[in-house]
Each structure stands twice: as structure tokens, then as C-alpha cells.
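Trainee: Contents of final.cif (mmCIF, C-alpha atoms) are below:
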data_coords
loop_
_atom_site.label_atom_id
_atom_site.label_comp_id
_atom_site.auth_asym_id
_atom_site.auth_seq_id
_atom_site.Cartn_x
_atom_site.Cartn_y
_atom_site.Cartn_z
CA MET A 2 9.33 5.26 -17.49
CA THR A 3 6.80 5.95 -20.19
CA GLU A 4 7.35 9.29 -21.83
CA ALA A 5 3.92 10.82 -21.20
CA LEU A 6 2.85 9.70 -17.76
CA THR A 7 0.70 11.89 -15.56
CA LEU A 8 -0.08 11.17 -11.92
CA ILE A 9 -3.39 12.46 -10.60
CA PRO A 10 -5.28 12.01 -7.32
CA LEU A 11 -7.07 8.67 -7.41
CA ASP A 12 -10.35 10.22 -6.33
CA ASN A 13 -10.46 11.93 -9.77
CA VAL A 14 -10.91 8.51 -11.42
CA ASP A 15 -14.15 6.59 -11.86
CA PRO A 16 -14.11 3.79 -9.22
CA ALA A 17 -15.31 1.29 -11.85
CA LEU A 18 -12.15 1.96 -13.89
CA VAL A 19 -9.99 1.44 -10.80
CA GLU A 20 -11.70 -1.89 -10.05
CA ALA A 21 -11.27 -3.02 -13.67
CA LEU A 22 -7.56 -2.16 -13.54
CA LEU A 23 -7.15 -4.05 -10.24
CA ASP A 24 -8.91 -7.08 -11.74
CA ARG A 25 -6.55 -7.06 -14.73
CA ALA A 26 -3.45 -6.56 -12.61
CA PHE A 27 -4.30 -9.08 -9.87
CA GLU A 28 -7.26 -11.18 -11.12
CA PRO A 29 -10.77 -10.95 -9.60
CA GLU A 30 -9.75 -13.44 -6.89
CA ARG A 31 -7.65 -10.64 -5.36
CA ARG A 32 -10.51 -9.93 -2.95
CA GLN A 33 -9.75 -13.23 -1.17
CA ARG A 34 -6.27 -12.06 -0.15
CA THR A 35 -5.49 -11.33 3.48
CA ALA A 36 -4.66 -7.68 2.66
CA TYR A 37 -8.34 -7.12 1.90
CA THR A 38 -9.27 -8.37 5.37
CA VAL A 39 -6.65 -6.12 6.98
CA ARG A 40 -8.28 -3.03 5.47
CA ASP A 41 -11.89 -4.25 5.49
CA GLY A 42 -14.48 -1.57 6.16
CA VAL A 43 -12.23 1.47 5.81
CA ASP A 44 -11.83 3.82 2.86
CA TRP A 45 -8.52 4.45 1.16
CA LEU A 46 -6.74 7.70 1.95
CA PRO A 47 -7.28 10.22 -0.88
CA GLY A 48 -4.18 12.32 -0.11
CA LEU A 49 -1.87 9.30 -0.52
CA SER A 50 -3.60 7.44 -3.37
CA PHE A 51 -2.82 8.16 -7.01
CA ALA A 52 -3.58 7.10 -10.58
CA ALA A 53 -1.18 6.95 -13.51
CA ILE A 54 -2.57 8.16 -16.84
CA ASP A 55 -0.66 7.54 -20.06
CA GLY A 56 -0.25 9.92 -23.03
CA GLU A 57 -3.53 8.69 -24.52
CA ASP A 58 -5.44 9.45 -21.29
CA HIS A 59 -5.78 5.77 -20.36
CA LEU A 60 -5.58 4.59 -16.77
CA VAL A 61 -2.47 2.39 -16.57
CA GLY A 62 -1.75 2.21 -12.84
CA THR A 63 -2.98 2.99 -9.35
CA ILE A 64 -1.79 3.03 -5.77
CA GLN A 65 -4.01 3.09 -2.73
CA CYS A 66 -3.09 3.66 0.91
CA TRP A 67 -5.28 2.68 3.84
CA PRO A 68 -5.64 3.53 7.54
CA VAL A 69 -4.79 0.39 9.49
CA ALA A 70 -3.63 -0.32 13.01
CA LEU A 71 -1.50 -2.84 14.84
CA THR A 72 -3.35 -3.78 18.02
CA ASP A 73 -0.90 -4.86 20.72
CA GLY A 74 -1.44 -7.38 23.52
CA ALA A 75 -2.81 -4.66 25.82
CA GLY A 76 -5.49 -3.76 23.26
CA ARG A 77 -3.87 -0.48 22.18
CA ALA A 78 -4.23 0.34 18.50
CA HIS A 79 -1.09 1.78 16.90
CA PRO A 80 -2.08 3.57 13.66
CA LEU A 81 -0.20 2.74 10.49
CA ILE A 82 -0.63 3.39 6.79
CA MET A 83 -1.00 0.30 4.62
CA VAL A 84 0.57 0.93 1.23
CA GLY A 85 -0.96 -0.95 -1.66
CA PRO A 86 -2.11 -2.36 -3.80
CA VAL A 87 0.28 -0.92 -6.34
CA ALA A 88 -1.31 -2.00 -9.61
CA VAL A 89 -0.09 -1.57 -13.17
CA LEU A 90 -1.74 -3.02 -16.26
CA PRO A 91 0.19 -6.11 -17.39
CA GLU A 92 1.09 -4.56 -20.77
CA ALA A 93 2.44 -1.43 -19.04
CA GLN A 94 4.61 -3.17 -16.45
CA GLY A 95 8.38 -2.74 -16.44
CA LYS A 96 8.20 0.93 -17.46
CA GLY A 97 8.63 2.51 -14.01
CA ILE A 98 4.93 3.26 -13.47
CA GLY A 99 4.72 1.39 -10.15
CA LYS A 100 7.91 3.06 -8.98
CA ALA A 101 6.51 6.50 -9.85
CA LEU A 102 3.28 5.72 -7.98
CA MET A 103 5.17 4.51 -4.88
CA THR A 104 7.43 7.57 -4.90
CA ALA A 105 4.44 9.93 -5.21
CA SER A 106 2.50 8.22 -2.45
CA LEU A 107 5.37 8.09 0.04
CA GLY A 108 6.36 11.64 -0.92
CA ALA A 109 2.87 12.83 0.03
CA LEU A 110 3.29 11.72 3.65
CA SER A 111 3.33 14.59 6.11
CA PRO A 112 6.89 15.20 7.33
CA GLN A 113 5.41 16.74 10.51
CA ALA A 114 3.65 13.51 11.54
CA PRO A 115 4.71 10.61 9.34
CA LEU A 116 2.88 7.48 10.43
CA PRO A 117 4.76 4.22 9.97
CA GLN A 118 3.91 2.43 6.75
CA VAL A 119 3.24 -1.27 6.28
CA MET A 120 2.83 -3.36 3.14
CA ILE A 121 2.89 -6.87 1.81
CA GLY A 122 5.52 -7.09 -0.89
CA ASP A 123 8.94 -8.14 -2.07
CA PRO A 124 11.45 -7.15 0.66
CA GLU A 125 14.39 -6.83 -1.73
CA TYR A 126 12.57 -4.48 -4.11
CA TYR A 127 10.70 -2.33 -1.58
CA GLY A 128 13.70 -2.31 0.74
CA ARG A 129 16.14 -1.19 -1.92
CA PHE A 130 14.10 1.74 -3.18
CA TRP A 131 12.07 2.89 -0.15
CA GLY A 132 13.55 1.36 3.01
CA PHE A 133 10.83 -1.19 3.77
CA SER A 134 11.97 -4.13 5.89
CA ASN A 135 10.57 -7.16 7.67
CA ALA A 136 12.95 -6.70 10.64
CA ALA A 137 10.26 -5.21 12.92
CA THR A 138 7.31 -7.36 11.80
CA ALA A 139 8.36 -10.86 12.90
CA GLY A 140 5.90 -10.88 15.83
CA TRP A 141 2.99 -9.36 13.92
CA SER A 142 -0.10 -11.34 12.94
CA LEU A 143 -2.61 -10.86 10.15
CA PRO A 144 -6.23 -12.04 9.99
CA GLY A 145 -5.48 -14.70 7.39
CA PRO A 146 -2.62 -16.49 5.68
CA PHE A 147 0.46 -14.50 4.75
CA ASP A 148 4.16 -14.95 4.11
CA PRO A 149 5.92 -13.34 7.12
CA ARG A 150 8.95 -12.57 4.93
CA ARG A 151 6.73 -10.29 2.78
CA LEU A 152 5.18 -8.32 5.69
CA LEU A 153 7.18 -5.10 5.56
CA ALA A 154 7.29 -1.90 7.58
CA ARG A 155 8.92 1.48 7.04
CA CYS A 156 9.40 3.90 9.90
CA ASP A 157 11.84 6.66 10.82
CA ASN A 158 12.28 5.07 14.26
CA PRO A 159 11.39 1.34 14.18
CA SER A 160 11.82 1.09 17.96
CA VAL A 161 8.40 2.77 18.36
CA LEU A 162 6.71 -0.16 16.61
CA PRO A 163 5.16 -2.82 18.85
CA LYS A 164 7.03 -6.14 18.76
CA GLU A 165 3.75 -8.09 18.58
CA GLY A 166 0.21 -7.40 17.53
CA MET A 167 -2.62 -8.02 15.09
CA LEU A 168 -2.86 -5.89 11.98
CA GLY A 169 -6.35 -4.78 11.03
CA PRO A 170 -8.47 -1.81 9.95
CA TRP A 171 -8.03 1.46 11.85
CA ARG A 172 -11.35 2.40 13.37
CA ARG A 173 -11.22 5.73 15.13
#
Taking this structure as input, can you express it in the form of C-alpha cells?

Mentor:
Amino acid sequence: MTEALTLIPLDNVDPALVEALLDRAFEPERRQRTAYTVRDGVDWLPGLSFAAIDGEDHLVGTIQCWPVALTDGAGRAHPLIMVGPVAVLPEAQGKGIGKALMTASLGALSPQAPLPQVMIGDPEYYGRFWGFSNAATAGWSLPGPFDPRRLLARCDNPSVLPKEGMLGPWRR
């Protein structure tokens, strides 16, 4: 990890800087990805979203979490937290910044009522460090193309997760 890394709440950062970082980390075409459709029309969760600031006060990474839901065949919406994107500037990658952001975000979950988390990512990496798995998501659908192997969930009791459903924005 970089020596002087500070994590701050993401809502303390100018949104234009966050967008510029996301464009550099993922390219402007990122908005065409299915994950954007899944969380369309909802705001990220401030208590679970963080920014990484380096020793020169530059924004080098961000993580956002979103309220989403898996709607089952009976039309019931099961609330989840979508983790990501986890974004780190290309020149700052490989220094543990993304890992620090993930750890901070997941550590901020309420132990009294931890909602299951879902993400699109590498199952080996996110499984090894944080217990994400695709074991419960095989019957889940997304509103666009996705690699089912990369649709991951993390939950204290995976048996509470619906076997099938469509993932989309959580609208209360």
C-alpha cells in the first residue's frame, strides 16, 4: 500500500473529480456496461462509499456502493447492496488501494442488519479476500449482457437469497 493514503467519505469529493477518475480507470464507455443499468436512477450510498487520497492530496481511487434489489418470480424485491465500481488510477494500481477501499466499504456495513452484497468481479480475487462467490447467483438475471461467472454475492446466510430473480435498482 502507498505510504500516505487517506480514506475519506466519497461525498467529500467533487463529483467531477470522481467522474474523471472513473473515466481514466474504466474508459468513458463504462456507462454502457450492464452494471450501470442495474443501478440506474438510484444514488450511491454515502456511508459505504469512499475515496482514497494520496500524500499529495490527489484523488487516486474510489469505491461506490448502491441500493439494488433482486426481484423474484413473485415480484418481491429483495434488497441488496451492489459494491462497485472499485476504481484506482492506472498509475496507482497494484499498491493495495483497491483492497483498502473494499475493506473500508465492507467494514462500514451495519453488523446489526447487514444486507447481502452483490458485485460483478473476479471470483478468485473477491472470494479470497472478502468471501464473495457465484454459488448463489446462477439463477439470477441482469438487464443486459454479463458473464455469470463474475456475478458474485456475499451474505452471512446465503440460503436467504432467492434462487432466481432479476437484479435492478432498489426503489423504495

Trainee: Expressed in Å to a single decimal, how great is the separation between atom CA of Pro146 of chain A and atom CA of Val87 of chain A?

Mentor: 19.9 Å

Trainee: Write out as a PyMOL selection string the residues lying within 12 Å of segment 33-44 of chain A, counting all atoms listed in the file and excluding same-chain residues fewer than 4 positions away.

Mentor: chain A and resi 12+27-29+48-50+65-72+81-86+119-122+142-148+151-152+167-173

Trainee: Expressed in Å to a single decimal, how great is the separation between atom CA of Leu90 of chain A and atom CA of Leu102 of chain A?

Mentor: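 Separating atom CA of Leu90 of chain A from atom CA of Leu102 of chain A is a distance of 13.0 Å.
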
Trainee: Which of these residues is nearest to Leu18 of chain A, using all atoms listed in the file: A:Pro112, A:Gly76, A:Gly62, A:Gly166?

Mentor: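 Ranking A:Pro112, A:Gly76, A:Gly62, A:Gly166 by distance to Leu18 of chain A, first place goes to A:Gly62.
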
Trainee: So the first atom is atom CA of Asp55 of chain A and the second is atom CA of Thr7 of chain A; what is the distance between them in Å, to one decimal place?

Mentor: 6.4 Å

Trainee: Name every residue that the PyMOL selection byres ((chain A and resi 153) around 9) selects in this structure, writing the answer as a PyMOL selection string with chains first and numbers rising.

Mentor: chain A and resi 118-124+127-128+133-138+149-152+154-155

Trainee: Which polymer residues have any atom within 12 Å of an atom of Ala53 of chain A, counting only C-alpha atoms, with same-chain residues fewer than 6 positions away left out, as an mmCIF file with C-alpha atoms, in the frame of the given file?

Mentor:
data_model
loop_
_atom_site.group_PDB
_atom_site.id
_atom_site.type_symbol
_atom_site.label_atom_id
_atom_site.label_comp_id
_atom_site.auth_asym_id
_atom_site.auth_seq_id
_atom_site.Cartn_x
_atom_site.Cartn_y
_atom_site.Cartn_z
ATOM 1 C CA MET A 2 9.330 5.260 -17.490
ATOM 2 C CA THR A 3 6.800 5.950 -20.190
ATOM 3 C CA ALA A 5 3.920 10.820 -21.200
ATOM 4 C CA LEU A 6 2.850 9.700 -17.760
ATOM 5 C CA THR A 7 0.700 11.890 -15.560
ATOM 6 C CA LEU A 8 -0.080 11.170 -11.920
ATOM 7 C CA ILE A 9 -3.390 12.460 -10.600
ATOM 8 C CA PRO A 10 -5.280 12.010 -7.320
ATOM 9 C CA LEU A 11 -7.070 8.670 -7.410
ATOM 10 C CA ASN A 13 -10.460 11.930 -9.770
ATOM 11 C CA VAL A 14 -10.910 8.510 -11.420
ATOM 12 C CA VAL A 19 -9.990 1.440 -10.800
ATOM 13 C CA LEU A 22 -7.560 -2.160 -13.540
ATOM 14 C CA HIS A 59 -5.780 5.770 -20.360
ATOM 15 C CA LEU A 60 -5.580 4.590 -16.770
ATOM 16 C CA VAL A 61 -2.470 2.390 -16.570
ATOM 17 C CA GLY A 62 -1.750 2.210 -12.840
ATOM 18 C CA THR A 63 -2.980 2.990 -9.350
ATOM 19 C CA ILE A 64 -1.790 3.030 -5.770
ATOM 20 C CA GLN A 65 -4.010 3.090 -2.730
ATOM 21 C CA VAL A 87 0.280 -0.920 -6.340
ATOM 22 C CA ALA A 88 -1.310 -2.000 -9.610
ATOM 23 C CA VAL A 89 -0.090 -1.570 -13.170
ATOM 24 C CA LEU A 90 -1.740 -3.020 -16.260
ATOM 25 C CA ALA A 93 2.440 -1.430 -19.040
ATOM 26 C CA LYS A 96 8.200 0.930 -17.460
ATOM 27 C CA GLY A 97 8.630 2.510 -14.010
ATOM 28 C CA ILE A 98 4.930 3.260 -13.470
ATOM 29 C CA GLY A 99 4.720 1.390 -10.150
ATOM 30 C CA LYS A 100 7.910 3.060 -8.980
ATOM 31 C CA ALA A 101 6.510 6.500 -9.850
ATOM 32 C CA LEU A 102 3.280 5.720 -7.980
ATOM 33 C CA MET A 103 5.170 4.510 -4.880
ATOM 34 C CA ALA A 105 4.440 9.930 -5.210
ATOM 35 C CA SER A 106 2.500 8.220 -2.450
#

Trainee: Assuming the chain letters and numbering stay as they are in my file, what does the PyMOL selection byres ((chain A and resi 164) around 6) actually select? List them as a PyMOL selection string.

Mentor: chain A and resi 140+163+165

Trainee: Return as lines of an AutoDock Vina configuration file the centre and edge lengths, in Å with one decimal, of the box along x, y and z that encloses every atom of segment 76-90 of chain A in the file, padded by 4 Å per side.

Mentor:
center_x = -2.5
center_y = -0.1
center_z = 3.5
size_x = 14.1
size_y = 15.3
size_z = 47.5

Trainee: What would segment 16-38 of chain A look like if you wrote it out as a PDB file, in the first residue's frame, with N, CA and C atoms included, from the block I just posted?

Mentor:
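Generated file (out_36.pdb):
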ATOM      1  N   PRO A  16     -17.845  15.740  -7.370  1.00  0.00           N
ATOM      2  CA  PRO A  16     -18.307  14.695  -8.292  1.00  0.00           C
ATOM      3  C   PRO A  16     -17.595  14.708  -9.647  1.00  0.00           C
ATOM      4  N   ALA A  17     -17.173  15.872 -10.117  1.00  0.00           N
ATOM      5  CA  ALA A  17     -16.452  15.939 -11.393  1.00  0.00           C
ATOM      6  C   ALA A  17     -15.114  15.206 -11.306  1.00  0.00           C
ATOM      7  N   LEU A  18     -14.457  15.280 -10.155  1.00  0.00           N
ATOM      8  CA  LEU A  18     -13.194  14.558  -9.964  1.00  0.00           C
ATOM      9  C   LEU A  18     -13.425  13.055  -9.937  1.00  0.00           C
ATOM     10  N   VAL A  19     -14.523  12.638  -9.314  1.00  0.00           N
ATOM     11  CA  VAL A  19     -14.863  11.212  -9.271  1.00  0.00           C
ATOM     12  C   VAL A  19     -15.113  10.701 -10.685  1.00  0.00           C
ATOM     13  N   GLU A  20     -15.893  11.438 -11.469  1.00  0.00           N
ATOM     14  CA  GLU A  20     -16.191  11.031 -12.847  1.00  0.00           C
ATOM     15  C   GLU A  20     -14.918  10.959 -13.685  1.00  0.00           C
ATOM     16  N   ALA A  21     -14.019  11.915 -13.508  1.00  0.00           N
ATOM     17  CA  ALA A  21     -12.755  11.905 -14.256  1.00  0.00           C
ATOM     18  C   ALA A  21     -11.920  10.679 -13.882  1.00  0.00           C
ATOM     19  N   LEU A  22     -11.892  10.336 -12.600  1.00  0.00           N
ATOM     20  CA  LEU A  22     -11.154   9.154 -12.164  1.00  0.00           C
ATOM     21  C   LEU A  22     -11.779   7.892 -12.767  1.00  0.00           C
ATOM     22  N   LEU A  23     -13.106   7.787 -12.739  1.00  0.00           N
ATOM     23  CA  LEU A  23     -13.774   6.620 -13.314  1.00  0.00           C
ATOM     24  C   LEU A  23     -13.496   6.510 -14.813  1.00  0.00           C
ATOM     25  N   ASP A  24     -13.480   7.637 -15.513  1.00  0.00           N
ATOM     26  CA  ASP A  24     -13.161   7.615 -16.942  1.00  0.00           C
ATOM     27  C   ASP A  24     -11.747   7.105 -17.184  1.00  0.00           C
ATOM     28  N   ARG A  25     -10.808   7.526 -16.363  1.00  0.00           N
ATOM     29  CA  ARG A  25      -9.416   7.063 -16.524  1.00  0.00           C
ATOM     30  C   ARG A  25      -9.260   5.603 -16.167  1.00  0.00           C
ATOM     31  N   ALA A  26      -9.963   5.163 -15.135  1.00  0.00           N
ATOM     32  CA  ALA A  26      -9.831   3.773 -14.693  1.00  0.00           C
ATOM     33  C   ALA A  26     -10.549   2.796 -15.621  1.00  0.00           C
ATOM     34  N   PHE A  27     -11.693   3.217 -16.188  1.00  0.00           N
ATOM     35  CA  PHE A  27     -12.534   2.284 -16.945  1.00  0.00           C
ATOM     36  C   PHE A  27     -12.863   2.731 -18.365  1.00  0.00           C
ATOM     37  N   GLU A  28     -12.418   3.915 -18.789  1.00  0.00           N
ATOM     38  CA  GLU A  28     -12.751   4.469 -20.092  1.00  0.00           C
ATOM     39  C   GLU A  28     -14.164   5.057 -20.065  1.00  0.00           C
ATOM     40  N   PRO A  29     -14.419   6.093 -20.853  1.00  0.00           N
ATOM     41  CA  PRO A  29     -15.756   6.716 -20.875  1.00  0.00           C
ATOM     42  C   PRO A  29     -16.876   5.758 -21.296  1.00  0.00           C
ATOM     43  N   GLU A  30     -16.550   4.704 -22.016  1.00  0.00           N
ATOM     44  CA  GLU A  30     -17.556   3.734 -22.456  1.00  0.00           C
ATOM     45  C   GLU A  30     -18.122   2.913 -21.293  1.00  0.00           C
ATOM     46  N   ARG A  31     -17.569   3.112 -20.103  1.00  0.00           N
ATOM     47  CA  ARG A  31     -18.031   2.378 -18.921  1.00  0.00           C
ATOM     48  C   ARG A  31     -19.526   2.506 -18.717  1.00  0.00           C
ATOM     49  N   ARG A  32     -20.103   3.613 -19.123  1.00  0.00           N
ATOM     50  CA  ARG A  32     -21.530   3.860 -18.905  1.00  0.00           C
ATOM     51  C   ARG A  32     -22.420   2.905 -19.707  1.00  0.00           C
ATOM     52  N   GLN A  33     -21.836   2.193 -20.667  1.00  0.00           N
ATOM     53  CA  GLN A  33     -22.593   1.219 -21.463  1.00  0.00           C
ATOM     54  C   GLN A  33     -22.656  -0.150 -20.785  1.00  0.00           C
ATOM     55  N   ARG A  34     -21.941  -0.329 -19.706  1.00  0.00           N
ATOM     56  CA  ARG A  34     -21.899  -1.629 -19.027  1.00  0.00           C
ATOM     57  C   ARG A  34     -23.215  -1.919 -18.318  1.00  0.00           C
ATOM     58  N   THR A  35     -23.521  -3.183 -18.205  1.00  0.00           N
ATOM     59  CA  THR A  35     -24.755  -3.639 -17.570  1.00  0.00           C
ATOM     60  C   THR A  35     -24.864  -3.161 -16.132  1.00  0.00           C
ATOM     61  N   ALA A  36     -23.756  -3.051 -15.417  1.00  0.00           N
ATOM     62  CA  ALA A  36     -23.798  -2.601 -14.017  1.00  0.00           C
ATOM     63  C   ALA A  36     -24.449  -1.228 -13.902  1.00  0.00           C
ATOM     64  N   TYR A  37     -24.267  -0.384 -14.905  1.00  0.00           N
ATOM     65  CA  TYR A  37     -24.894   0.941 -14.875  1.00  0.00           C
ATOM     66  C   TYR A  37     -26.414   0.827 -14.981  1.00  0.00           C
ATOM     67  N   THR A  38     -26.891  -0.126 -15.753  1.00  0.00           N
ATOM     68  CA  THR A  38     -28.333  -0.340 -15.868  1.00  0.00           C
ATOM     69  C   THR A  38     -28.899  -0.887 -14.559  1.00  0.00           C
TER      70      THR A  38
END
